[in-house]
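A.B. asks: Sharing a structure here in structure tokens format.
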Amino acid sequence: MTYDFDPEKLDELLGTIKDDDSVTISGRHLRELADSIRKKGKGRKPIALDDDLFDTVVRRWQSGEITARAAMQELELKPNTFYRRVKERYEDMDNLRKELKLAAKEEKNELKELKKQVKAEACGIKDAAKSMAEDSMSAHKMEREIHKEKIASKLDHKKAIKELSKTVESEVEALKALQKSEE
């Protein structure tokens, strides 16, 4: 257990405890207490482990290839240390999995939103294309009508020319007949 005390406050606290008649702490015990508080976090250093080796051995143990005791011997760990390390490592992995699942869920939701947007845009494009097609069809119909009118106009023009031509021929014949009669 570590305490986070300021050294000046620690001396003040120890003085208060020493002066209090209801607390009986020997001087030696008081010094040991002060030393342990001052050491703050200077406990035993954790046993260094090769992470890759640890993961490999734990996977073999979890798959049933080796026993827990054999895994402990291979890693040179005592049971409490072995199980604590497994718990720490796999709690971190579980937390990471949870974070990844949450991130995947958020990505999935974002993807759904994007799909909705794309679908809406596709509908808009489809409507615009339909409108353009209708406009194109209308334009095509108008062009056909104009073409029909041109053809009708040409036909009317040809008829008028034929009639004019008949009239001219009949007048030519009338003139010829008049010339013959004058002769």
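Labels used: A, B, ... for chains in the order of the structure tokens, numbers from 1 for residues in each chain, and numbers from 1 for ligands as shown.
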Determine which residues of segment 61-95 of chain A DSSP labels as helix (DSSP H, G or I) from the backbone of this structure, then write them out as a list in words.

C.D. replies: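 So, restricting segment 61-95 of chain A to helix (DSSP H, G or I), we get Trp61, Gln62, Ser63, Ala68, Arg69, Ala70, Ala71, Met72, Gln73, Glu74, Leu75, Pro79, Asn80, Thr81, Phe82, Tyr83, Arg84, Arg85, Val86, Lys87, Glu88, Arg89, Tyr90, Glu91, Asp92, Met93, Asp94 and Asn95 of chain A.
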
A.B. asks: Find the spatial neighbours of Ala71 of chain A, counting only C-alpha atoms, within a cut-off of 9 Å - ignore same-chain residues fewer than 3 positions away - and output them as a count of residues only.

C.D. replies: 13

A.B. asks: Kindly give the distance, in Å, that separates atom CA of Lys116 of chain A and atom CA of Ala128 of chain A, rounded to a single decimal.

C.D. replies: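 Taking atom CA of Lys116 of chain A as the start and atom CA of Ala128 of chain A as the end point, the length is 18.1 Å.
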
A.B. asks: Between atom CA of Gly64 of chain A and atom CA of Lys101 of chain A, measure the distance and give it in Å to one decimal.

C.D. replies: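 Distance between the two atoms: 27.8 Å.
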